[in-house]
Amino acid sequence: MTNLIRAELQKLFTTRLWWAMALVMLALTTLGLAFLIAQAGAPAPNGQPALPALDDPAWLPLALSNANGNIFTMILGIVLMTGEYRYQTITGTFLTTPKRGRVIAAKLGAGVIIGAFFAVVSLLFTAVVAVTAVLIGGGTVDLTANRIPQLAVGVLATMILYALFGIGLGALVRNQVAALIGGVVWAFVIESILSSFPALQAVGKWLPGGAAQALMSIDFDTGLGESNLLPAWGGALVLIGYALLFAVIANLTTTRRDIT
Amino acid sequence: MTAIEIRNLSKSFGAVRAVDDVSFTVEAGTVTGYLGPNGAGKTTTLRSLLGLVTPDSGEALVNGRRYASLDHPLNEVGAVLEATSFHPGRTARDHLRIMTTAAGLPASRPDEALEQVGLADAARKRVGGFSLGMRQRLALAGALLGQPKIFILDEPANGLDPAGIQWLRGFLRHLAHDLGAAVLVSSHVLAEVEQTVDNVVIIAKGRLVRQGSLAELTGNGGGAVRVKTKDDFAPALRAAGAEVEEVEPGVLRVKGLDAEEIGRLALDQRVLLTEVAQERSDLQSVFLELTGEGAPA
């Protein structure tokens with residue numbers, strides 16, 4: 001299985017997609033950080049600061065939650081699976097490993113490593129920029145306070161689980177474009193609606209996006225009322241559940257099909 | 001043990017019976033041509049053999065086992081299927097490295113296999129820029145990675161230039177006759193494999209129509225001899241007991257006498273022959289006849 005996981009990692013790192021994805025992720029993170037720095041402490045229309053100031057201990061956790069690039073690990077997960085069908089490399093993959101369940105398992109294993117790699121890159125980049133900004137802004141930095149460790153672990157876990165979610169989705173859908181559009185629209189349009197409004201969170205908390213929010217324990221007051229989310233561990237279980245559910249369904253259906 | 005064994009294999013796709021009760025075997029040390037027109041069921045048979053397609057009934061075995069049950073398939077079977085199955089953004093060497101890693105083979109194998117198929121110079125180029133012929137060679141390199149003793153190749157000559165086809169013929173013969181491998185190679189173009197194969201299996205519309213050695217299938221055309229002469233030679237031939245047919249003015253098709261007897265008769269009769277040729281029923285006409293195809297276009 002170690003060999004198979006290594007082969008799956010080679011598949012990703014021998015094409016150009018991964019660093020393009022890493023660059024886009026860092027670019028978007030930079031944009032988010034620039035906004036958070038520029039607006040830090042700026043007063044809202046009613047005179048209250050809309051965002052904490054740079055020297056406010058509440059600012060750093062906010063900046064860190066901006067490191068979450070789960071859309072990118074989801075896309076990588078989808079591509080890791082559907083790319084095989086798109087370029088018909090699935091033929092060679094199944095010839096090398098005819099026990100097809102092992103291929104799916106190896107992809108999930110590789111997804112953990114890929115998700116963790118991207119999360120660490122994003123967190124390190126964000127931490128360097130954000131800590132610098134706080135120090136320049138006259139604040140003090142305590143990386144053990146204000147739920148910062150929990151946030152970092154939350155980002156790591158969310159990005160890993162979204163990679164697995166993408167792999168499971170890709171195994172089920174197989175058509176790359178359909179899986180990508182479906183995945184992005186579902187996770188970042190429909191779900192963001194369902195999980196943003198507390199009234200809809202009764203449903204939304206059971207979906208991947210709501211589960212991810214629970215995992216990150218992001219319950220900032222959005223002015224829309226009290227959040228209704230699962231506990232963090234519940235969110236993690238829901239995300240793992242989706243990945244496994246998709247992978248198992250795929251194993252019973254799509255991956256059994258003839259490769260012609 | 002029989003290297004490749006297909007036993008009563010049947011497979012339908014919807015209403016189409018792609019393969020219908022096909023049985024044949026391939027022994028070590030021989031090259032078997034699997035011939036038939038496009039759509040005859042060749043690819044479906046080979047993909048069943050490789051565990052990519054699940055047959056409806058019957059069995060397709062390599063070394064007596066189903067492909068999907070092999071623990072180290074690349075060490076037992078090398079397969080070349082359609083040439084498009086590469087990621088265009090990946091280099092030839094990386095493509096082989098991934099297979100090598102997954103199969104747990106030595107890291108030196110990709111370079112050795114590329115050398116073997118004459119692709120060493122293109123090892124670090126992206127497959128997207130490869131010609132069809134180069135892709136075929138790369139696919140063959142993939143089949144060689146595990147140094148197997150069984151090779152299954154689906155239309156490997158597609159896209160190769162004449163020099164490439166010549167090279168492939170020599171290579172397949174080398175694998176079978178020097179290294180003792182069992183080679184099963186499909187083609188819809190008979191001329192591609194005619195000079196390579198020891199045995200022939202012919203399939204048409206999903207059904208096996210003929211199998212045997214190349215010699216059995218070609219025969220010698222019933223021993224007819226073609227004779228070209230401007231003289232009136234037919235009466236003398238008939239008098240000598242031959243059956244004579246004037247194919248066109250000046251060209252006779254003679255049965256019942258061999259070339260030497262015809263030559264002696266011509267000498268006795270002071271007849272000038274401009275050509276004497278033993279007629280062979282070439283495999284192409286056997287093939288067209290057996291597969292129910294019309295004359296070649």
# chains A, B, ... in the order shown; residues from 1 in each chain; ligands from 1
$ closest_atom_pairs --of "chain B" --to "chain A" --cutoff "9 Å" --atoms "only C-alpha atoms" --output "JSON lines"
{"residue": "B:Thr43", "atom": "CA", "partner": "A:Thr260", "partner_atom": "CA", "distance": 8.4}
{"residue": "B:Thr44", "atom": "CA", "partner": "A:Thr260", "partner_atom": "CA", "distance": 7.6}
{"residue": "B:Arg47", "atom": "CA", "partner": "A:Thr260", "partner_atom": "CA", "distance": 7.5}
{"residue": "B:Leu50", "atom": "CA", "partner": "A:Leu95", "partner_atom": "CA", "distance": 7.0}
{"residue": "B:Gly51", "atom": "CA", "partner": "A:Pro98", "partner_atom": "CA", "distance": 7.0}
{"residue": "B:Leu52", "atom": "CA", "partner": "A:Ile259", "partner_atom": "CA", "distance": 5.2}
{"residue": "B:Val53", "atom": "CA", "partner": "A:Asp258", "partner_atom": "CA", "distance": 4.5}
{"residue": "B:Thr54", "atom": "CA", "partner": "A:Asp258", "partner_atom": "CA", "distance": 6.4}
{"residue": "B:Tyr67", "atom": "CA", "partner": "A:Pro98", "partner_atom": "CA", "distance": 7.3}
{"residue": "B:Ala68", "atom": "CA", "partner": "A:Pro98", "partner_atom": "CA", "distance": 4.9}
{"residue": "B:Ser69", "atom": "CA", "partner": "A:Pro98", "partner_atom": "CA", "distance": 7.6}
{"residue": "B:Leu70", "atom": "CA", "partner": "A:Pro98", "partner_atom": "CA", "distance": 7.9}
{"residue": "B:Asp71", "atom": "CA", "partner": "A:Thr97", "partner_atom": "CA", "distance": 8.5}
{"residue": "B:His72", "atom": "CA", "partner": "A:Thr96", "partner_atom": "CA", "distance": 8.0}
{"residue": "B:Pro73", "atom": "CA", "partner": "A:Thr96", "partner_atom": "CA", "distance": 6.4}
{"residue": "B:Leu74", "atom": "CA", "partner": "A:Thr96", "partner_atom": "CA", "distance": 6.2}
{"residue": "B:Ala79", "atom": "CA", "partner": "A:Leu95", "partner_atom": "CA", "distance": 8.0}
{"residue": "B:Leu81", "atom": "CA", "partner": "A:Thr91", "partner_atom": "CA", "distance": 8.4}
{"residue": "B:Thr84", "atom": "CA", "partner": "A:Gln88", "partner_atom": "CA", "distance": 7.3}
{"residue": "B:Ser85", "atom": "CA", "partner": "A:Gln88", "partner_atom": "CA", "distance": 4.7}
{"residue": "B:Phe86", "atom": "CA", "partner": "A:Thr89", "partner_atom": "CA", "distance": 5.7}
{"residue": "B:His87", "atom": "CA", "partner": "A:Tyr87", "partner_atom": "CA", "distance": 5.7}
{"residue": "B:Pro88", "atom": "CA", "partner": "A:Tyr87", "partner_atom": "CA", "distance": 8.0}
{"residue": "B:Gly89", "atom": "CA", "partner": "A:Thr15", "partner_atom": "CA", "distance": 5.7}
{"residue": "B:Arg90", "atom": "CA", "partner": "A:Thr15", "partner_atom": "CA", "distance": 5.6}
{"residue": "B:Thr91", "atom": "CA", "partner": "A:Thr14", "partner_atom": "CA", "distance": 7.8}
{"residue": "B:Asp94", "atom": "CA", "partner": "A:Thr14", "partner_atom": "CA", "distance": 6.6}
{"residue": "B:His95", "atom": "CA", "partner": "A:Lys11", "partner_atom": "CA", "distance": 8.2}
{"residue": "B:Arg97", "atom": "CA", "partner": "A:Ala7", "partner_atom": "CA", "distance": 8.2}
{"residue": "B:Ile98", "atom": "CA", "partner": "A:Ala7", "partner_atom": "CA", "distance": 5.1}
{"residue": "B:Met99", "atom": "CA", "partner": "A:Thr96", "partner_atom": "CA", "distance": 6.7}
{"residue": "B:Thr100", "atom": "CA", "partner": "A:Ala7", "partner_atom": "CA", "distance": 8.3}
{"residue": "B:Thr101", "atom": "CA", "partner": "A:Ala7", "partner_atom": "CA", "distance": 5.5}
{"residue": "B:Ala102", "atom": "CA", "partner": "A:Leu4", "partner_atom": "CA", "distance": 4.7}
{"residue": "B:Ala103", "atom": "CA", "partner": "A:Thr96", "partner_atom": "CA", "distance": 6.4}
{"residue": "B:Gly104", "atom": "CA", "partner": "A:Asn3", "partner_atom": "CA", "distance": 6.4}
{"residue": "B:Gly142", "atom": "CA", "partner": "A:Gly92", "partner_atom": "CA", "distance": 9.0}
$ write_last_selection --atoms "C-alpha atoms" --output "tab-separated table (two decimals), in the first residue's frame"
chain	number	residue	atom	x	y	z
B	43	THR	CA	-10.27	-5.58	-28.13
B	44	THR	CA	-13.05	-6.94	-25.94
B	47	ARG	CA	-9.56	-6.48	-22.25
B	50	LEU	CA	-6.58	-8.21	-18.66
B	51	GLY	CA	-9.40	-7.92	-16.15
B	52	LEU	CA	-10.60	-4.58	-17.50
B	53	VAL	CA	-13.82	-6.05	-18.85
B	54	THR	CA	-15.85	-8.63	-16.96
B	67	TYR	CA	-5.51	-11.35	-14.24
B	68	ALA	CA	-7.26	-9.58	-11.35
B	69	SER	CA	-6.04	-12.27	-8.95
B	70	LEU	CA	-2.36	-11.76	-9.81
B	71	ASP	CA	-0.27	-10.26	-7.01
B	72	HIS	CA	2.44	-8.89	-9.33
B	73	PRO	CA	0.70	-8.51	-12.69
B	74	LEU	CA	3.45	-6.47	-14.36
B	79	ALA	CA	0.06	-5.20	-22.08
B	81	LEU	CA	-3.59	-1.19	-25.27
B	84	THR	CA	-3.93	7.46	-25.99
B	85	SER	CA	-3.77	6.50	-22.34
B	86	PHE	CA	-1.07	8.90	-21.17
B	87	HIS	CA	-1.30	12.18	-19.32
B	88	PRO	CA	-0.08	14.70	-21.93
B	89	GLY	CA	1.66	16.86	-19.32
B	90	ARG	CA	3.79	14.04	-17.92
B	91	THR	CA	7.17	13.00	-19.27
B	94	ASP	CA	7.69	9.87	-15.17
B	95	HIS	CA	4.89	7.82	-16.72
B	97	ARG	CA	8.31	5.73	-12.90
B	98	ILE	CA	4.75	5.82	-11.58
B	99	MET	CA	4.11	2.28	-12.87
B	100	THR	CA	7.46	1.16	-11.44
B	101	THR	CA	6.64	2.60	-8.02
B	102	ALA	CA	3.15	1.13	-7.90
B	103	ALA	CA	4.42	-2.31	-8.94
B	104	GLY	CA	7.40	-2.18	-6.57
B	142	GLY	CA	5.51	0.03	-20.04
$ residues_around --residues "region 148-152 of chain B" --least-positions-apart "6" --cutoff "7 Å" --atoms "only C-alpha atoms" --output "ChimeraX atom specification"
/B:3,74-80,181-185
$ closest_residue --among "A:Ile104, A:Ala178, A:Ala20, A:Ala152" --to "Ser65 (chain A)" --atoms "only C-alpha atoms"
A:Ala152
$ select_by_dssp --residues "region 7-87 of chain A" --states "alpha helix (DSSP H)" --output "ChimeraX atom specification"
/A:7-13,17-39,59-65,70-86
$ select_by_dssp --residues "region 63-224 of chain B" --states "strand (DSSP E or B)" --output "PyMOL selection string"
chain B and resi 65+77-80+91+126+150-154+182-187+199-204+207-213
$ residues_around --residues "Glu194 (chain B)" --least-positions-apart "2" --cutoff "12 Å" --atoms "only C-alpha atoms" --output "PyMOL selection string"
chain B and resi 31-35+165-166+169+173+185-192+196-200+213-215+217-218+282-284+286-287
$ write_last_selection --atoms "N, CA and C atoms" --output "JSON list (two decimals), in the first residue's frame"
[["chain", "number", "residue", "atom", "x", "y", "z"],
["B", 31, "VAL", "N", 4.40, -16.50, -31.31],
["B", 31, "VAL", "CA", 3.65, -15.27, -31.56],
["B", 31, "VAL", "C", 2.33, -15.68, -32.22],
["B", 32, "THR", "N", 1.23, -15.27, -31.62],
["B", 32, "THR", "CA", -0.07, -15.57, -32.20],
["B", 32, "THR", "C", -0.71, -14.28, -32.68],
["B", 33, "GLY", "N", -1.13, -14.25, -33.91],
["B", 33, "GLY", "CA", -1.84, -13.10, -34.45],
["B", 33, "GLY", "C", -3.32, -13.27, -34.20],
["B", 34, "TYR", "N", -3.95, -12.24, -33.62],
["B", 34, "TYR", "CA", -5.38, -12.28, -33.37],
["B", 34, "TYR", "C", -6.00, -11.33, -34.38],
["B", 35, "LEU", "N", -6.58, -11.90, -35.42],
["B", 35, "LEU", "CA", -6.95, -11.10, -36.58],
["B", 35, "LEU", "C", -8.46, -11.02, -36.77],
["B", 165, "ILE", "N", 7.27, -0.41, -37.99],
["B", 165, "ILE", "CA", 6.59, -1.70, -38.10],
["B", 165, "ILE", "C", 7.64, -2.81, -38.26],
["B", 166, "GLN", "N", 8.64, -2.53, -39.08],
["B", 166, "GLN", "CA", 9.72, -3.49, -39.28],
["B", 166, "GLN", "C", 10.41, -3.80, -37.95],
["B", 169, "ARG", "N", 8.12, -5.92, -35.65],
["B", 169, "ARG", "CA", 8.10, -7.33, -36.06],
["B", 169, "ARG", "C", 9.29, -8.06, -35.47],
["B", 173, "ARG", "N", 9.25, -11.02, -32.48],
["B", 173, "ARG", "CA", 9.86, -12.33, -32.73],
["B", 173, "ARG", "C", 10.96, -12.61, -31.71],
["B", 185, "VAL", "N", -0.89, -10.84, -30.37],
["B", 185, "VAL", "CA", -0.93, -9.52, -30.97],
["B", 185, "VAL", "C", -2.12, -9.41, -31.91],
["B", 186, "SER", "N", -2.94, -8.38, -31.70],
["B", 186, "SER", "CA", -4.13, -8.25, -32.55],
["B", 186, "SER", "C", -3.85, -7.27, -33.68],
["B", 187, "SER", "N", -4.57, -7.45, -34.76],
["B", 187, "SER", "CA", -4.46, -6.52, -35.88],
["B", 187, "SER", "C", -5.65, -6.69, -36.81],
["B", 188, "HIS", "N", -6.02, -5.61, -37.46],
["B", 188, "HIS", "CA", -7.03, -5.73, -38.52],
["B", 188, "HIS", "C", -6.36, -5.66, -39.88],
["B", 189, "VAL", "N", -5.06, -5.39, -39.87],
["B", 189, "VAL", "CA", -4.32, -5.35, -41.13],
["B", 189, "VAL", "C", -3.38, -6.55, -41.15],
["B", 190, "LEU", "N", -3.74, -7.49, -41.99],
["B", 190, "LEU", "CA", -3.03, -8.75, -42.03],
["B", 190, "LEU", "C", -1.55, -8.59, -42.35],
["B", 191, "ALA", "N", -1.26, -7.69, -43.31],
["B", 191, "ALA", "CA", 0.11, -7.55, -43.77],
["B", 191, "ALA", "C", 1.06, -7.18, -42.63],
["B", 192, "GLU", "N", 0.50, -6.49, -41.59],
["B", 192, "GLU", "CA", 1.34, -6.07, -40.47],
["B", 192, "GLU", "C", 1.92, -7.24, -39.70],
["B", 196, "THR", "N", 5.29, -12.00, -39.00],
["B", 196, "THR", "CA", 5.73, -12.09, -37.61],
["B", 196, "THR", "C", 5.20, -13.33, -36.91],
["B", 197, "VAL", "N", 3.97, -13.72, -37.24],
["B", 197, "VAL", "CA", 3.27, -14.67, -36.39],
["B", 197, "VAL", "C", 3.56, -16.12, -36.75],
["B", 198, "ASP", "N", 3.48, -16.96, -35.71],
["B", 198, "ASP", "CA", 3.58, -18.40, -35.91],
["B", 198, "ASP", "C", 2.19, -19.00, -36.08],
["B", 199, "ASN", "N", 1.26, -18.47, -35.29],
["B", 199, "ASN", "CA", -0.10, -18.99, -35.31],
["B", 199, "ASN", "C", -1.08, -17.86, -35.55],
["B", 200, "VAL", "N", -2.24, -18.22, -36.04],
["B", 200, "VAL", "CA", -3.25, -17.23, -36.37],
["B", 200, "VAL", "C", -4.58, -17.64, -35.77],
["B", 213, "SER", "N", -1.79, -22.88, -37.46],
["B", 213, "SER", "CA", -0.48, -22.30, -37.74],
["B", 213, "SER", "C", -0.58, -21.52, -39.04],
["B", 214, "LEU", "N", 0.36, -20.62, -39.24],
["B", 214, "LEU", "CA", 0.37, -19.82, -40.45],
["B", 214, "LEU", "C", 0.44, -20.73, -41.68],
["B", 215, "ALA", "N", 1.28, -21.78, -41.59],
["B", 215, "ALA", "CA", 1.45, -22.70, -42.72],
["B", 215, "ALA", "C", 0.13, -23.39, -43.05],
["B", 217, "LEU", "N", -2.83, -22.29, -42.58],
["B", 217, "LEU", "CA", -3.81, -21.39, -43.16],
["B", 217, "LEU", "C", -3.47, -20.95, -44.57],
["B", 218, "THR", "N", -2.20, -20.86, -44.87],
["B", 218, "THR", "CA", -1.87, -20.39, -46.22],
["B", 218, "THR", "C", -1.85, -21.53, -47.22],
["B", 282, "ASP", "N", -2.50, -16.54, -50.78],
["B", 282, "ASP", "CA", -1.92, -15.75, -49.69],
["B", 282, "ASP", "C", -2.94, -15.53, -48.58],
["B", 283, "LEU", "N", -2.40, -15.27, -47.41],
["B", 283, "LEU", "CA", -3.23, -15.18, -46.21],
["B", 283, "LEU", "C", -4.29, -14.09, -46.35],
["B", 284, "GLN", "N", -3.94, -13.06, -47.10],
["B", 284, "GLN", "CA", -4.88, -11.96, -47.27],
["B", 284, "GLN", "C", -6.21, -12.45, -47.84],
["B", 286, "VAL", "N", -7.29, -15.56, -47.84],
["B", 286, "VAL", "CA", -7.89, -16.46, -46.84],
["B", 286, "VAL", "C", -8.63, -15.63, -45.80],
["B", 287, "PHE", "N", -7.95, -14.58, -45.36],
["B", 287, "PHE", "CA", -8.49, -13.70, -44.32],
["B", 287, "PHE", "C", -9.80, -13.06, -44.78]]
$ atom_distance --atom1 "CA of Gly118 (chain B)" --atom2 "CA of Arg93 (chain B)"
12.8 Å
$ residues_around --residues "Gly164 (chain B)" --least-positions-apart "4" --cutoff "12 Å" --atoms "only C-alpha atoms" --output "MDAnalysis selection string"
chainID B and resid 117:118 132:137 156:160 168:171 192
$ closest_residue --among "B:Gly263, B:Gly146, B:Pro37, B:Gly206" --to "Pro106 (chain B)" --atoms "only C-alpha atoms"
B:Gly146
$ residues_around --residues "region 243-252 of chain B" --least-positions-apart "5" --cutoff "7 Å" --atoms "only C-alpha atoms" --output "tab-separated table (two decimals) with N, CA and C atoms, in the first residue's frame"
chain	number	residue	atom	x	y	z
B	226	ARG	N	1.17	-20.59	-62.39
B	226	ARG	CA	0.86	-19.58	-63.41
B	226	ARG	C	1.96	-19.56	-64.47
B	227	VAL	N	1.56	-19.62	-65.72
B	227	VAL	CA	2.54	-19.67	-66.82
B	227	VAL	C	2.23	-18.54	-67.79
B	228	LYS	N	3.27	-17.80	-68.15
B	228	LYS	CA	3.09	-16.75	-69.15
B	228	LYS	C	3.84	-17.17	-70.42
B	229	THR	N	3.13	-17.17	-71.54
B	229	THR	CA	3.77	-17.48	-72.83
B	229	THR	C	2.97	-16.85	-73.95
B	230	LYS	N	3.70	-16.49	-75.04
B	230	LYS	CA	2.99	-15.94	-76.19
B	230	LYS	C	2.62	-17.06	-77.16
B	234	ALA	N	-1.38	-24.36	-74.42
B	234	ALA	CA	-2.46	-25.05	-73.71
B	234	ALA	C	-2.72	-26.47	-74.23
B	238	ARG	N	-2.64	-29.85	-71.86
B	238	ARG	CA	-3.82	-30.70	-71.69
B	238	ARG	C	-3.47	-32.14	-72.08
$ residues_around --residues "Tyr242 (chain A)" --least-positions-apart "5" --cutoff "9 Å" --atoms "only C-alpha atoms" --output "list in words"
Leu164, Phe165, Gly168, Leu169, Leu207, Pro208, Leu237 and Ala247 of chain A
$ write_last_selection --atoms "C-alpha atoms" --output "short mmCIF file (atom, residue, chain, number, x, y, z; two decimals), in the first residue's frame"
data_model
loop_
_atom_site.label_atom_id
_atom_site.label_comp_id
_atom_site.auth_asym_id
_atom_site.auth_seq_id
_atom_site.Cartn_x
_atom_site.Cartn_y
_atom_site.Cartn_z
CA LEU A 164 -10.72 13.08 0.64
CA PHE A 165 -14.16 14.51 -0.09
CA GLY A 168 -14.74 10.30 -3.13
CA LEU A 169 -16.81 12.67 -5.26
CA LEU A 207 -23.29 19.10 5.00
CA PRO A 208 -19.52 19.25 4.30
CA LEU A 237 -16.77 12.82 11.60
CA ALA A 247 -15.55 5.99 -1.83
#
$ decode --residues "region 151-165 of chain B" --atoms "N, CA and C atoms" --output "PDB file, in the first residue's frame"
ATOM      1  N   PHE B 151       2.971 -11.388 -23.359  1.00  0.00           N
ATOM      2  CA  PHE B 151       2.704 -10.053 -23.891  1.00  0.00           C
ATOM      3  C   PHE B 151       1.363 -10.060 -24.622  1.00  0.00           C
ATOM      4  N   ILE B 152       0.551  -9.055 -24.320  1.00  0.00           N
ATOM      5  CA  ILE B 152      -0.751  -8.920 -24.956  1.00  0.00           C
ATOM      6  C   ILE B 152      -0.786  -7.532 -25.587  1.00  0.00           C
ATOM      7  N   LEU B 153      -0.859  -7.485 -26.906  1.00  0.00           N
ATOM      8  CA  LEU B 153      -0.762  -6.205 -27.598  1.00  0.00           C
ATOM      9  C   LEU B 153      -1.955  -5.992 -28.523  1.00  0.00           C
ATOM     10  N   ASP B 154      -2.644  -4.869 -28.342  1.00  0.00           N
ATOM     11  CA  ASP B 154      -3.819  -4.560 -29.152  1.00  0.00           C
ATOM     12  C   ASP B 154      -3.425  -3.556 -30.226  1.00  0.00           C
ATOM     13  N   GLU B 155      -3.380  -3.985 -31.461  1.00  0.00           N
ATOM     14  CA  GLU B 155      -3.053  -3.125 -32.602  1.00  0.00           C
ATOM     15  C   GLU B 155      -1.787  -2.302 -32.348  1.00  0.00           C
ATOM     16  N   PRO B 156      -0.690  -2.939 -31.991  1.00  0.00           N
ATOM     17  CA  PRO B 156       0.503  -2.157 -31.629  1.00  0.00           C
ATOM     18  C   PRO B 156       1.137  -1.449 -32.818  1.00  0.00           C
ATOM     19  N   ALA B 157       0.805  -1.869 -34.031  1.00  0.00           N
ATOM     20  CA  ALA B 157       1.438  -1.266 -35.208  1.00  0.00           C
ATOM     21  C   ALA B 157       0.752   0.018 -35.643  1.00  0.00           C
ATOM     22  N   ASN B 158      -0.424   0.302 -35.060  1.00  0.00           N
ATOM     23  CA  ASN B 158      -1.144   1.540 -35.398  1.00  0.00           C
ATOM     24  C   ASN B 158      -0.253   2.752 -35.217  1.00  0.00           C
ATOM     25  N   GLY B 159      -0.132   3.556 -36.232  1.00  0.00           N
ATOM     26  CA  GLY B 159       0.613   4.797 -36.100  1.00  0.00           C
ATOM     27  C   GLY B 159       2.107   4.660 -36.282  1.00  0.00           C
ATOM     28  N   LEU B 160       2.607   3.431 -36.416  1.00  0.00           N
ATOM     29  CA  LEU B 160       4.046   3.263 -36.646  1.00  0.00           C
ATOM     30  C   LEU B 160       4.343   3.480 -38.125  1.00  0.00           C
ATOM     31  N   ASP B 161       5.500   4.067 -38.396  1.00  0.00           N
ATOM     32  CA  ASP B 161       5.906   4.215 -39.793  1.00  0.00           C
ATOM     33  C   ASP B 161       6.482   2.870 -40.252  1.00  0.00           C
ATOM     34  N   PRO B 162       6.721   2.711 -41.560  1.00  0.00           N
ATOM     35  CA  PRO B 162       7.189   1.409 -42.062  1.00  0.00           C
ATOM     36  C   PRO B 162       8.429   0.903 -41.313  1.00  0.00           C
ATOM     37  N   ALA B 163       9.351   1.823 -41.001  1.00  0.00           N
ATOM     38  CA  ALA B 163      10.544   1.394 -40.264  1.00  0.00           C
ATOM     39  C   ALA B 163      10.159   0.918 -38.869  1.00  0.00           C
ATOM     40  N   GLY B 164       9.181   1.600 -38.265  1.00  0.00           N
ATOM     41  CA  GLY B 164       8.719   1.224 -36.932  1.00  0.00           C
ATOM     42  C   GLY B 164       8.053  -0.146 -36.943  1.00  0.00           C
ATOM     43  N   ILE B 165       7.273  -0.407 -37.989  1.00  0.00           N
ATOM     44  CA  ILE B 165       6.592  -1.702 -38.099  1.00  0.00           C
ATOM     45  C   ILE B 165       7.636  -2.811 -38.256  1.00  0.00           C
TER      46      ILE B 165
END
